[in-house]
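A.B. asks: run.csv is the file, holding CSV, C-alpha atoms:
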```csv
chain,number,residue,atom,x,y,z
U,1033,GLY,CA,69.2,187.7,17.2
U,1034,ALA,CA,67.8,188.3,20.7
U,1035,ASP,CA,71.3,188.0,22.3
U,1036,ARG,CA,72.8,190.9,20.3
U,1037,LEU,CA,73.6,194.1,22.1
U,1038,PRO,CA,71.9,197.3,21.0
U,1039,VAL,CA,73.9,199.9,19.2
U,1040,LEU,CA,73.0,203.3,20.5
U,1041,ALA,CA,72.3,206.3,18.3
U,1042,PRO,CA,75.1,209.0,18.3
U,1043,ASP,CA,73.0,211.5,20.3
U,1044,ALA,CA,72.6,208.9,23.0
U,1045,ARG,CA,76.3,208.3,23.5
U,1046,GLU,CA,76.7,211.2,25.9
U,1047,ALA,CA,74.4,209.5,28.3
U,1048,ARG,CA,76.1,206.2,28.2
U,1049,PRO,CA,77.6,204.8,31.4
U,1050,ARG,CA,81.4,204.8,31.7
U,1051,VAL,CA,82.9,201.5,32.7
U,1052,ALA,CA,86.6,201.4,33.7
U,1053,PHE,CA,88.1,198.0,33.0
U,1054,VAL,CA,91.3,197.0,34.9
U,1055,SER,CA,93.6,194.4,33.5
U,1056,HIS,CA,96.3,192.7,35.6
U,1057,THR,CA,98.7,192.5,32.6
U,1058,ALA,CA,99.6,194.0,29.3
U,1059,ASP,CA,100.6,190.5,27.9
U,1060,TRP,CA,98.5,188.6,25.4
U,1061,VAL,CA,97.1,185.8,27.6
U,1062,GLY,CA,93.7,184.1,28.0
U,1063,PRO,CA,92.2,186.8,30.2
U,1064,THR,CA,93.3,189.6,28.0
U,1065,ASN,CA,92.2,187.8,24.9
U,1066,SER,CA,88.8,187.3,26.5
U,1067,LEU,CA,88.6,190.9,27.6
U,1068,THR,CA,89.4,192.2,24.1
U,1069,LEU,CA,86.5,190.2,22.6
U,1070,LEU,CA,84.2,191.4,25.4
U,1071,LEU,CA,85.1,195.0,24.9
U,1072,GLY,CA,84.5,194.7,21.2
U,1073,ARG,CA,80.9,193.9,22.0
U,1074,LEU,CA,80.4,196.2,25.0
U,1075,LYS,CA,81.7,199.4,23.4
U,1076,SER,CA,78.4,199.8,21.6
U,1077,ARG,CA,76.6,199.9,24.9
U,1078,TYR,CA,79.0,201.7,27.3
U,1079,ASP,CA,81.9,204.1,27.1
U,1080,VAL,CA,84.9,201.9,28.0
U,1081,ARG,CA,88.4,202.6,29.1
U,1082,VAL,CA,91.0,200.0,30.1
U,1083,PHE,CA,93.6,200.6,32.8
U,1084,VAL,CA,96.6,198.3,32.3
U,1085,PRO,CA,100.2,198.2,33.8
U,1086,GLY,CA,102.7,199.1,31.1
U,1087,SER,CA,102.3,198.0,27.5
U,1088,GLY,CA,102.6,194.9,25.4
U,1089,ASP,CA,100.8,192.7,23.0
U,1090,PHE,CA,97.5,193.4,24.7
U,1091,THR,CA,97.7,197.2,24.4
U,1092,GLU,CA,98.8,196.7,20.8
U,1093,ARG,CA,95.6,194.8,20.2
U,1094,LEU,CA,93.5,197.5,21.9
U,1095,ASP,CA,95.1,200.0,19.6
U,1096,ALA,CA,94.2,197.9,16.6
U,1097,GLU,CA,90.6,197.5,17.9
U,1098,GLY,CA,90.2,201.3,18.6
U,1099,ILE,CA,89.6,200.7,22.3
U,1100,GLU,CA,90.7,203.4,24.7
U,1101,TYR,CA,93.2,202.6,27.4
U,1102,ARG,CA,95.6,204.1,29.9
U,1103,SER,CA,99.0,202.5,30.6
U,1104,LEU,CA,99.9,203.0,34.2
U,1105,ARG,CA,103.4,202.4,35.6
U,1106,ARG,CA,102.1,200.0,38.2
U,1107,LEU,CA,98.9,198.5,39.5
U,1108,ASP,CA,100.0,197.5,43.0
U,1109,LYS,CA,99.5,199.2,46.3
U,1110,TRP,CA,101.8,202.0,45.2
U,1111,GLY,CA,99.7,202.7,42.2
U,1112,MET,CA,96.3,202.6,44.0
U,1113,LEU,CA,96.0,206.4,44.5
U,1114,ARG,CA,96.9,207.0,40.8
U,1115,LEU,CA,94.2,204.6,39.7
U,1116,ARG,CA,91.7,206.3,42.0
U,1117,LYS,CA,92.7,209.6,40.5
U,1118,GLU,CA,92.2,208.3,36.9
U,1119,ILE,CA,88.8,206.8,37.8
U,1120,ARG,CA,87.5,210.1,39.4
U,1121,GLU,CA,88.9,212.3,36.6
U,1122,TRP,CA,87.3,210.2,33.9
U,1123,ASN,CA,84.0,210.2,36.0
U,1124,ALA,CA,83.7,206.4,35.7
U,1125,HIS,CA,80.3,205.0,36.8
U,1126,LEU,CA,81.7,201.5,37.5
U,1127,VAL,CA,85.0,199.7,37.9
U,1128,TYR,CA,85.3,196.2,36.4
U,1129,ALA,CA,88.4,194.1,37.2
U,1130,ASN,CA,89.2,191.4,34.6
U,1131,ASN,CA,90.6,188.8,37.1
U,1132,THR,CA,91.3,188.2,40.7
U,1133,HIS,CA,95.0,189.0,40.7
U,1134,SER,CA,96.4,191.5,43.2
U,1135,SER,CA,95.5,194.3,40.8
U,1136,SER,CA,91.8,193.4,41.2
U,1137,ARG,CA,92.1,194.0,45.0
U,1138,ILE,CA,93.8,197.3,44.2
U,1139,ALA,CA,91.0,198.2,41.7
U,1140,PHE,CA,88.5,197.3,44.5
U,1141,LEU,CA,90.1,199.7,47.0
U,1142,ALA,CA,90.5,202.4,44.4
U,1143,SER,CA,86.8,202.1,43.5
U,1144,ARG,CA,85.8,202.4,47.1
U,1145,LEU,CA,88.0,205.5,47.6
U,1146,ALA,CA,86.4,207.0,44.4
U,1147,ARG,CA,82.9,205.9,45.6
U,1148,VAL,CA,82.2,203.9,42.5
U,1149,PRO,CA,80.7,200.4,42.4
U,1150,PHE,CA,82.9,197.5,41.7
U,1151,VAL,CA,82.5,194.2,39.7
U,1152,THR,CA,85.1,191.5,39.2
U,1153,HIS,CA,85.4,188.8,36.6
U,1154,VAL,CA,86.8,185.5,38.1
U,1155,ARG,CA,88.9,183.7,35.5
U,1156,GLY,CA,90.9,181.3,37.7
U,1157,MET,CA,90.1,178.5,40.1
U,1158,ALA,CA,90.4,179.6,43.7
U,1159,TRP,CA,90.1,176.5,45.9
U,1160,ASN,CA,93.5,177.0,47.4
U,1161,GLN,CA,93.2,180.8,47.9
U,1162,SER,CA,93.0,182.5,51.3
U,1163,TRP,CA,90.6,185.0,52.8
U,1164,ARG,CA,93.4,187.5,52.9
U,1165,ARG,CA,93.7,187.3,49.1
U,1166,MET,CA,90.1,186.8,48.1
U,1167,GLY,CA,88.0,188.2,51.0
U,1168,TYR,CA,87.4,191.5,49.1
U,1169,LEU,CA,84.9,189.5,46.9
U,1170,ARG,CA,82.4,189.6,49.8
U,1171,PHE,CA,82.2,193.4,49.4
U,1172,ALA,CA,82.1,193.5,45.5
U,1173,ASP,CA,78.9,194.8,44.0
U,1174,GLY,CA,79.0,192.0,41.4
U,1175,VAL,CA,81.0,188.8,40.8
U,1176,VAL,CA,81.1,187.0,37.4
U,1177,ALA,CA,82.8,183.6,37.0
U,1178,VAL,CA,83.6,181.9,33.7
U,1179,SER,CA,82.1,178.6,34.7
U,1180,ARG,CA,80.0,177.0,37.5
U,1181,ALA,CA,83.1,175.2,38.8
U,1182,CYS,CA,85.0,178.5,38.8
U,1183,GLY,CA,82.1,180.2,40.7
U,1184,ASP,CA,81.9,177.4,43.2
U,1185,SER,CA,85.6,177.9,44.0
U,1186,VAL,CA,85.0,181.5,45.1
U,1187,GLY,CA,81.6,180.9,46.6
U,1188,ARG,CA,82.9,180.9,50.2
U,1189,PHE,CA,84.4,184.3,49.6
U,1190,ALA,CA,81.7,186.0,47.5
U,1191,GLY,CA,78.8,184.7,49.5
U,1192,ALA,CA,76.1,182.1,48.6
U,1193,GLY,CA,74.2,182.9,45.4
U,1194,ARG,CA,76.1,186.0,44.5
U,1195,VAL,CA,78.3,184.6,41.7
U,1196,VAL,CA,76.9,184.8,38.2
U,1197,THR,CA,78.2,182.3,35.6
U,1198,VAL,CA,79.0,183.8,32.2
U,1199,TYR,CA,80.9,181.5,29.9
U,1200,ASN,CA,83.7,182.6,27.6
U,1201,GLY,CA,82.5,183.0,24.0
U,1202,ILE,CA,84.0,183.5,20.6
U,1203,PRO,CA,82.8,185.4,17.5
U,1204,ARG,CA,80.2,183.5,15.4
U,1205,GLN,CA,82.3,184.2,12.3
U,1206,ARG,CA,85.1,182.0,13.7
U,1207,VAL,CA,82.6,179.1,13.8
U,1208,SER,CA,81.1,179.7,10.4
U,1209,ALA,CA,84.4,180.6,8.6
U,1210,PRO,CA,85.5,178.1,6.0
U,1211,ARG,CA,88.7,176.1,6.5
U,1212,SER,CA,91.7,178.3,6.4
U,1213,GLU,CA,93.3,178.7,2.9
U,1214,ARG,CA,96.7,178.1,4.7
U,1215,ALA,CA,95.6,174.9,6.4
U,1216,ASP,CA,97.2,172.6,3.8
U,1217,MET,CA,100.4,174.8,3.8
U,1218,MET,CA,100.4,174.5,7.5
U,1219,ARG,CA,100.3,170.7,7.4
U,1220,GLN,CA,103.3,170.8,5.0
U,1221,GLU,CA,105.1,173.1,7.4
U,1222,LEU,CA,104.5,170.7,10.2
U,1223,GLY,CA,105.6,167.8,8.1
U,1224,ALA,CA,102.2,166.1,8.0
U,1225,ASP,CA,101.1,164.3,4.8
U,1226,ALA,CA,97.5,163.7,3.9
U,1227,ASP,CA,97.5,160.4,5.9
U,1228,THR,CA,99.0,161.8,9.1
U,1229,VAL,CA,96.7,162.4,12.1
U,1230,VAL,CA,97.7,165.7,13.7
U,1231,ILE,CA,97.0,166.0,17.4
U,1232,THR,CA,97.3,169.6,18.7
U,1233,SER,CA,97.5,171.2,22.1
U,1234,VAL,CA,97.3,175.0,22.6
U,1235,SER,CA,98.4,176.2,26.0
U,1236,HIS,CA,101.3,178.0,27.6
U,1237,LEU,CA,103.9,175.3,28.4
U,1238,MET,CA,103.8,174.9,32.2
U,1239,PRO,CA,103.2,172.2,34.7
U,1240,ARG,CA,99.6,173.0,35.5
U,1241,LYS,CA,98.7,172.7,31.7
U,1242,GLY,CA,99.9,169.1,31.8
U,1243,GLN,CA,101.8,168.8,28.5
U,1244,GLN,CA,104.0,166.1,30.1
U,1245,LEU,CA,100.9,164.0,30.6
U,1246,GLY,CA,100.0,164.5,26.9
U,1247,LEU,CA,103.5,163.4,26.0
U,1248,ASP,CA,103.0,160.3,28.2
U,1249,ALA,CA,99.8,159.4,26.4
U,1250,PHE,CA,101.2,160.1,23.0
U,1251,SER,CA,104.3,158.0,23.7
U,1252,ALA,CA,102.2,155.1,25.1
U,1253,MET,CA,100.2,154.9,21.9
U,1254,GLY,CA,103.2,153.2,20.1
U,1255,GLN,CA,103.3,153.1,16.3
U,1256,ARG,CA,99.8,151.7,15.6
U,1257,GLY,CA,100.4,151.7,11.9
U,1258,ILE,CA,99.0,155.2,11.4
U,1259,ARG,CA,101.4,158.1,11.4
U,1260,ARG,CA,100.6,160.6,14.1
U,1261,LEU,CA,102.1,164.0,14.9
U,1262,PHE,CA,101.7,165.8,18.3
U,1263,VAL,CA,101.9,169.6,18.1
U,1264,MET,CA,102.2,171.9,21.1
U,1265,ALA,CA,101.7,175.6,20.6
U,1266,GLY,CA,102.0,178.1,23.4
U,1267,ARG,CA,104.5,180.4,25.2
U,1268,THR,CA,107.7,178.7,26.3
U,1269,ASP,CA,108.9,181.4,28.7
U,1270,ARG,CA,106.5,180.7,31.6
U,1271,ASP,CA,108.7,177.9,32.9
U,1272,PRO,CA,111.8,177.4,30.8
U,1273,SER,CA,113.1,174.4,32.9
U,1274,TYR,CA,109.8,172.6,32.3
U,1275,VAL,CA,110.1,173.2,28.5
U,1276,ARG,CA,113.7,171.9,28.6
U,1277,ASP,CA,112.6,168.8,30.4
U,1278,LEU,CA,109.9,168.2,27.6
U,1279,GLU,CA,112.5,168.8,24.9
U,1280,GLY,CA,114.9,166.4,26.7
U,1281,ARG,CA,112.3,163.7,26.8
U,1282,ILE,CA,111.4,164.1,23.1
U,1283,GLU,CA,115.0,163.7,22.2
U,1284,ALA,CA,115.7,160.8,24.6
U,1285,GLU,CA,112.7,158.9,23.3
U,1286,GLY,CA,113.5,159.5,19.7
U,1287,LEU,CA,110.2,161.4,19.1
U,1288,GLY,CA,111.7,164.4,17.3
U,1289,ASP,CA,110.0,163.6,14.0
U,1290,ARG,CA,106.6,163.0,15.7
U,1291,VAL,CA,106.4,165.7,18.4
U,1292,LYS,CA,106.9,169.4,17.7
U,1293,ILE,CA,107.0,172.4,20.2
U,1294,LEU,CA,106.0,175.4,18.2
U,1295,GLY,CA,106.1,178.1,20.9
U,1296,PHE,CA,103.9,181.2,20.8
U,1297,ARG,CA,102.0,181.5,17.5
U,1298,ARG,CA,99.7,184.1,16.1
U,1299,ASP,CA,98.3,181.7,13.4
U,1300,VAL,CA,96.5,179.4,15.8
U,1301,MET,CA,93.4,179.2,13.6
U,1302,ASP,CA,95.5,177.9,10.7
U,1303,ILE,CA,97.1,175.3,13.1
U,1304,LEU,CA,93.7,174.2,14.3
U,1305,ASP,CA,92.4,173.9,10.7
U,1306,ALA,CA,95.4,171.8,9.9
U,1307,SER,CA,94.7,169.5,12.8
U,1308,ASP,CA,92.5,166.4,13.3
U,1309,ILE,CA,92.2,166.1,17.1
U,1310,PHE,CA,92.5,168.6,20.0
U,1311,LEU,CA,94.2,167.4,23.2
U,1312,HIS,CA,93.8,169.4,26.4
U,1313,THR,CA,95.7,168.1,29.4
U,1314,ALA,CA,95.3,170.8,32.1
U,1315,VAL,CA,94.5,169.1,35.5
U,1316,ALA,CA,92.5,172.2,36.5
U,1317,ASP,CA,91.0,174.8,34.2
U,1318,PRO,CA,88.2,177.3,34.8
U,1319,HIS,CA,87.0,177.5,31.2
U,1320,PRO,CA,89.8,177.2,28.6
U,1321,ARG,CA,89.4,179.4,25.6
U,1322,SER,CA,91.6,177.0,23.5
U,1323,VAL,CA,89.0,174.2,23.9
U,1324,ILE,CA,86.1,176.4,22.6
U,1325,GLU,CA,88.3,177.7,19.8
U,1326,ALA,CA,89.2,174.1,18.8
U,1327,MET,CA,85.5,173.0,18.9
U,1328,ALA,CA,84.6,176.0,16.8
U,1329,ARG,CA,87.0,174.8,14.1
U,1330,GLY,CA,85.4,171.3,14.1
U,1331,LEU,CA,87.9,169.4,16.2
U,1332,PRO,CA,86.9,166.6,18.6
U,1333,VAL,CA,88.4,167.1,22.0
U,1334,VAL,CA,90.3,164.6,24.3
U,1335,ALA,CA,90.7,166.0,27.8
U,1336,PHE,CA,90.5,165.6,31.5
U,1337,ALA,CA,87.0,166.1,32.8
U,1338,VAL,CA,87.8,169.1,35.0
U,1339,ASP,CA,86.1,172.3,35.9
U,1340,GLY,CA,84.9,174.3,32.9
U,1341,VAL,CA,86.1,171.6,30.4
U,1342,ALA,CA,83.5,169.2,31.7
U,1343,GLU,CA,80.8,172.0,31.3
U,1344,THR,CA,81.8,172.5,27.7
U,1345,VAL,CA,82.8,169.1,26.1
U,1346,VAL,CA,79.9,166.7,26.0
U,1347,GLN,CA,81.1,163.1,26.6
U,1348,GLU,CA,81.0,160.9,23.6
U,1349,GLU,CA,79.2,163.6,21.6
U,1350,THR,CA,81.8,166.4,21.1
U,1351,GLY,CA,84.8,164.6,22.6
U,1352,LEU,CA,86.1,162.1,25.0
U,1353,LEU,CA,86.7,163.0,28.7
U,1354,VAL,CA,88.7,161.0,31.3
U,1355,GLU,CA,89.4,161.4,35.0
U,1356,SER,CA,92.0,164.0,35.8
U,1357,GLY,CA,95.5,162.6,35.6
U,1358,ASN,CA,94.3,159.4,33.9
U,1359,VAL,CA,97.0,159.0,31.2
U,1360,ALA,CA,95.8,155.5,30.2
U,1361,GLY,CA,92.4,157.1,29.5
U,1362,LEU,CA,94.0,159.8,27.4
U,1363,THR,CA,95.9,157.2,25.4
U,1364,ALA,CA,92.7,155.2,24.8
U,1365,GLY,CA,90.7,158.3,23.8
U,1366,LEU,CA,93.4,159.4,21.4
U,1367,GLY,CA,93.6,155.9,20.0
U,1368,ALA,CA,89.9,155.7,19.4
U,1369,LEU,CA,89.8,158.9,17.4
U,1370,VAL,CA,93.0,158.2,15.5
U,1371,ASP,CA,91.5,154.9,14.3
U,1372,ALA,CA,88.1,156.4,13.3
U,1373,PRO,CA,88.1,159.3,11.0
U,1374,GLU,CA,84.3,159.2,10.7
U,1375,LEU,CA,84.0,159.5,14.5
U,1376,ARG,CA,86.3,162.5,14.4
U,1377,GLN,CA,84.1,164.2,11.8
U,1378,ARG,CA,80.9,163.5,13.7
U,1379,MET,CA,82.2,164.7,17.0
U,1380,GLY,CA,83.8,167.7,15.4
U,1381,ALA,CA,80.6,168.7,13.7
U,1382,ALA,CA,78.6,168.4,17.0
U,1383,GLY,CA,81.2,170.5,18.8
U,1384,ARG,CA,81.0,173.2,16.2
U,1385,GLN,CA,77.2,173.3,16.6
U,1386,ARG,CA,77.5,173.4,20.4
U,1387,ILE,CA,79.8,176.4,20.3
U,1388,GLU,CA,77.5,178.3,18.0
U,1389,HIS,CA,74.5,177.7,20.3
U,1390,HIS,CA,76.1,178.2,23.7
U,1391,PHE,CA,79.5,179.9,23.6
U,1392,THR,CA,79.4,183.0,21.4
U,1393,ASP,CA,80.8,186.4,22.2
U,1394,ASP,CA,77.3,187.8,21.9
U,1395,ALA,CA,76.1,185.6,24.7
U,1396,THR,CA,79.1,186.4,26.9
U,1397,ALA,CA,78.7,190.2,26.4
U,1398,GLU,CA,75.0,190.1,27.1
U,1399,GLY,CA,75.6,188.1,30.3
U,1400,VAL,CA,78.2,190.6,31.5
U,1401,ALA,CA,76.0,193.6,30.5
U,1402,GLN,CA,73.2,192.2,32.6
U,1403,VAL,CA,75.5,192.2,35.7
U,1404,ILE,CA,76.8,195.7,35.0
U,1405,ASP,CA,73.3,197.1,34.4
U,1406,ALA,CA,72.0,195.5,37.6
U,1407,VAL,CA,74.7,197.1,39.6
U,1408,LEU,CA,74.3,200.5,37.9
U,1409,ALA,CA,70.5,200.3,38.4
U,1410,LYS,CA,71.1,200.2,42.1
U,1411,ARG,CA,73.0,203.5,41.8
U,1412,GLY,CA,70.4,204.9,39.4
U,1413,ARG,CA,72.6,204.6,36.3
U,1414,ALA,CA,71.5,201.8,34.0
U,1415,SER,CA,72.3,201.8,30.3
```
Please go through the file and, once you have read it, give me the structure as structure tokens.
C.D. replies:
Amino acid sequence: GADRLPVLAPDAREARPRVAFVSHTADWVGPTNSLTLLLGRLKSRYDVRVFVPGSGDFTERLDAEGIEYRSLRRLDKWGMLRLRKEIREWNAHLVYANNTHSSSRIAFLASRLARVPFVTHVRGMAWNQSWRRMGYLRFADGVVAVSRACGDSVGRFAGAGRVVTVYNGIPRQRVSAPRSERADMMRQELGADADTVVITSVSHLMPRKGQQLGLDAFSAMGQRGIRRLFVMAGRTDRDPSYVRDLEGRIEAEGLGDRVKILGFRRDVMDILDASDIFLHTAVADPHPRSVIEAMARGLPVVAFAVDGVAETVVQEETGLLVESGNVAGLTAGLGALVDAPELRQRMGAAGRQRIEHHFTDDATAEGVAQVIDAVLAKRGRAS
């Protein structure tokens, strides 16, 4: 299609621009997941190299994808000169920071010392951030944000009209892939029979992701005569005390047979394919990958109408949105979908179609490439 990136002939590869990507972490989190998908598309257009502190699940994935990277001991102020040295020795044409953590500021300073243009990809809401932390965006050569809301949150730092919105995307094959062969086995593993409605949430377990609000809503639904199962998948090491509080509530309320905390899982697609409803309870979220993954697998979404969620889920077409923090609204939304399998199917199908048309990795990569090329063109080095 028109949104697919060109693959250059072998004899053209020597002339390709070199783009140095800087990641704030070697863990497998939303931003590194997104960066891996992005690099998979951009490596046909540029020479890419990732600079990352240490090693972890992310660098293992880069190895598996055949993407070049350099593990540095640190990406703080003490590692800035080492990063500059790496950028210069590789003869990078552009530095691209994958987030706005402190490592992004370090990448900006290193790029300036190396006299290389700098682009940053904003993946978090920044309404509460300070000029001291985010002021460097005013001097960036390009700023990309994962949603309009995310871009608005950094607008005062980056400058009016300078932020380009490029939504997260997923591979088309994840949208078109048939239901997982392990989906029925997964339902059995979860203890869900054919009549059980499985409600799933995928996020690291931490206060800002709002799982406690999801538990409030699920508990408030009562028995209703239809068996329901609430499944939470995501890392449990971000805030152990928060997870202990959730587990304590589940035990105290006698919900152990109806609420399961699975922890970090690598088989999320199987879990989604085994589910009936996707619940997203973050009270702020720039553009959650879990929501587009769930919609791609045909699940209707119940969520708070915040930030990038409200730009992705279409009210009463692909899901049900309620005001942030409105637990009663979540309860009503879940109840409406639990009681209406035909509504779940209709919304799920509409969501799948919306992802295929608007949120693919092809579209994401093309949007990012346009920003990179525009910056390189100013330096006389477009791809």
A.B. asks: Would you pick out the contacts of Val1084 of chain U at 8 Å or less, using only C-alpha atoms, so that residues sharing its chain but fewer than 6 positions from it are not included, and give the list as a list of chain:residue names?
C.D. replies: U:Val1054, U:Ser1055, U:His1056, U:Thr1057, U:Ala1058, U:Tyr1101, U:Arg1102, U:Ser1103, U:Leu1104, U:Leu1107
A.B. asks: Please measure the separation of atom CA of Val1082 of chain U and atom CA of Gln1161 of chain U, giving the value in Å to one decimal.
C.D. replies: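 Atom-to-atom, atom CA of Val1082 of chain U to atom CA of Gln1161 of chain U, that is 26.3 Å.
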A.B. asks: Distance table requested - segment 1154-1270 of chain U against segment 1116-1135 of chain U, cut-off 12 Å, only C-alpha atoms: one row per qualifying residue with the closest atom pair and its distance in Å to one decimal, ordered by chain and rising residue number, as JSON lines.
C.D. replies:
```
{"residue": "U:Val1154", "atom": "CA", "partner": "U:Asn1131", "partner_atom": "CA", "distance": 5.1}
{"residue": "U:Arg1155", "atom": "CA", "partner": "U:Asn1131", "partner_atom": "CA", "distance": 5.6}
{"residue": "U:Gly1156", "atom": "CA", "partner": "U:Asn1131", "partner_atom": "CA", "distance": 7.5}
{"residue": "U:Met1157", "atom": "CA", "partner": "U:Thr1132", "partner_atom": "CA", "distance": 9.8}
{"residue": "U:Ala1158", "atom": "CA", "partner": "U:Thr1132", "partner_atom": "CA", "distance": 9.2}
{"residue": "U:Gln1161", "atom": "CA", "partner": "U:Thr1132", "partner_atom": "CA", "distance": 10.5}
{"residue": "U:Arg1164", "atom": "CA", "partner": "U:Ser1134", "partner_atom": "CA", "distance": 10.9}
{"residue": "U:Arg1165", "atom": "CA", "partner": "U:Ser1134", "partner_atom": "CA", "distance": 7.7}
{"residue": "U:Met1166", "atom": "CA", "partner": "U:Thr1132", "partner_atom": "CA", "distance": 7.6}
{"residue": "U:Gly1167", "atom": "CA", "partner": "U:Thr1132", "partner_atom": "CA", "distance": 10.8}
{"residue": "U:Tyr1168", "atom": "CA", "partner": "U:Thr1132", "partner_atom": "CA", "distance": 9.8}
{"residue": "U:Leu1169", "atom": "CA", "partner": "U:Thr1132", "partner_atom": "CA", "distance": 9.0}
{"residue": "U:Ala1172", "atom": "CA", "partner": "U:Tyr1128", "partner_atom": "CA", "distance": 10.0}
{"residue": "U:Asp1173", "atom": "CA", "partner": "U:Leu1126", "partner_atom": "CA", "distance": 9.7}
{"residue": "U:Gly1174", "atom": "CA", "partner": "U:Tyr1128", "partner_atom": "CA", "distance": 9.1}
{"residue": "U:Val1175", "atom": "CA", "partner": "U:Tyr1128", "partner_atom": "CA", "distance": 9.6}
{"residue": "U:Val1176", "atom": "CA", "partner": "U:Asn1130", "partner_atom": "CA", "distance": 9.6}
{"residue": "U:Ala1177", "atom": "CA", "partner": "U:Asn1131", "partner_atom": "CA", "distance": 9.4}
{"residue": "U:Val1178", "atom": "CA", "partner": "U:Asn1131", "partner_atom": "CA", "distance": 10.4}
{"residue": "U:Cys1182", "atom": "CA", "partner": "U:Thr1132", "partner_atom": "CA", "distance": 11.7}
{"residue": "U:Val1186", "atom": "CA", "partner": "U:Thr1132", "partner_atom": "CA", "distance": 10.2}
{"residue": "U:Phe1189", "atom": "CA", "partner": "U:Thr1132", "partner_atom": "CA", "distance": 11.9}
{"residue": "U:Ala1190", "atom": "CA", "partner": "U:Thr1132", "partner_atom": "CA", "distance": 12.0}
```
A.B. asks: Mind dumping a table of every segment 1140-1259 of chain U residue within 10 Å of segment 1307-1329 of chain U, with the nearest atom pair and its distance in Å to one decimal, using all atoms listed in the file, sorted by chain and rising number, as CSV?
C.D. replies:
```
residue,atom,partner,partner_atom,distance
U:Val1154,CA,U:Pro1318,CA,8.9
U:Arg1155,CA,U:Pro1318,CA,6.5
U:Gly1156,CA,U:Pro1318,CA,5.6
U:Met1157,CA,U:Pro1318,CA,5.8
U:Ala1158,CA,U:Pro1318,CA,9.5
U:Ala1177,CA,U:Pro1318,CA,8.6
U:Val1178,CA,U:His1319,CA,6.1
U:Ser1179,CA,U:His1319,CA,6.1
U:Arg1180,CA,U:Pro1318,CA,8.6
U:Ala1181,CA,U:Pro1318,CA,6.8
U:Cys1182,CA,U:Pro1318,CA,5.3
U:Gly1183,CA,U:Pro1318,CA,9.0
U:Ser1185,CA,U:Pro1318,CA,9.6
U:Tyr1199,CA,U:His1319,CA,7.4
U:Asn1200,CA,U:Arg1321,CA,6.8
U:Gly1201,CA,U:Ile1324,CA,7.6
U:Ile1202,CA,U:Glu1325,CA,7.3
U:Pro1203,CA,U:Ala1328,CA,9.6
U:Arg1204,CA,U:Ala1328,CA,8.8
U:Gln1205,CA,U:Ala1328,CA,9.6
U:Arg1206,CA,U:Ala1328,CA,6.8
U:Val1207,CA,U:Ala1328,CA,4.8
U:Ser1208,CA,U:Ala1328,CA,8.2
U:Ala1209,CA,U:Arg1329,CA,8.4
U:Pro1210,CA,U:Arg1329,CA,8.9
U:Arg1211,CA,U:Arg1329,CA,7.9
U:Ser1212,CA,U:Arg1329,CA,9.7
U:Ala1215,CA,U:Ser1307,CA,8.4
U:Asp1216,CA,U:Ser1307,CA,9.8
U:Met1218,CA,U:Ser1307,CA,9.3
U:Arg1219,CA,U:Ser1307,CA,7.9
U:Ala1224,CA,U:Ser1307,CA,9.5
U:Thr1228,CA,U:Asp1308,CA,9.0
U:Val1229,CA,U:Asp1308,CA,5.9
U:Val1230,CA,U:Ser1307,CA,4.9
U:Ile1231,CA,U:Ile1309,CA,4.8
U:Thr1232,CA,U:Phe1310,CA,5.1
U:Ser1233,CA,U:Leu1311,CA,5.2
U:Val1234,CA,U:Ser1322,CA,6.1
U:Ser1235,CA,U:Ser1322,CA,7.3
U:Met1238,CA,U:Ala1314,CA,9.4
U:Pro1239,CA,U:Ala1314,CA,8.4
U:Arg1240,CA,U:Ala1314,CA,5.9
U:Lys1241,CA,U:Ala1314,CA,3.9
U:Gly1242,CA,U:Ala1314,CA,4.9
U:Gln1243,CA,U:Thr1313,CA,6.2
U:Gln1244,CA,U:Thr1313,CA,8.6
U:Leu1245,CA,U:Thr1313,CA,6.7
U:Gly1246,CA,U:Thr1313,CA,6.1
U:Leu1247,CA,U:Thr1313,CA,9.7
```
A.B. asks: Quick one: distance from atom CA of Leu1145 of chain U to atom CA of Arg1081 of chain U in Å, one decimal?
C.D. replies: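 Result for atom CA of Leu1145 of chain U versus atom CA of Arg1081 of chain U: 18.7 Å, one decimal.
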A.B. asks: Please compute the atom CA of Glu1349 of chain U-atom CA of Gly1257 of chain U distance, one decimal, in Å.
C.D. replies: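 Spanning atom CA of Glu1349 of chain U to atom CA of Gly1257 of chain U is a straight-line distance of 26.2 Å.
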A.B. asks: Counting all atoms listed in the file, select every polymer residue within 8 Å of (97.0, 153.6, 21.3) as defined in the file's coordinates, and provide the selection as a PyMOL selection string.
C.D. replies: chain U and resi 1250+1252-1254+1256+1363-1364+1366-1368
A.B. asks: Taking all atoms listed in the file into account, name the residue in U:Asp1108, U:Asp1371, U:Asp1079, U:Asp1393 that is nearest to Ser1066 of chain U.
C.D. replies: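 Checking each candidate against Ser1066 of chain U, we get U:Asp1393 as the closest.
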A.B. asks: Would you write out, as a tab-separated table, a table of all residues in segment 1057-1151 of chain U that have an atom no more than 12 Å from an atom of segment 1372-1392 of chain U, listing for each the closest atom pair and the distance in Å to one decimal, considering only C-alpha atoms and ordering rows by chain and rising residue number?
C.D. replies:
```
residue	atom	partner	partner_atom	distance
U:Ser1066	CA	U:Thr1392	CA	11.5
U:Leu1069	CA	U:Thr1392	CA	10.2
U:Leu1070	CA	U:Thr1392	CA	10.5
U:Arg1073	CA	U:Thr1392	CA	11.0
```
A.B. asks: Set the distance at 7 Å and use all atoms listed in the file: which residues neighbour Phe1296 of chain U once local chain neighbours fewer than 2 positions away are removed? I'd like the list as a ChimeraX atom specification.
C.D. replies: /U:1265-1267,1294,1298
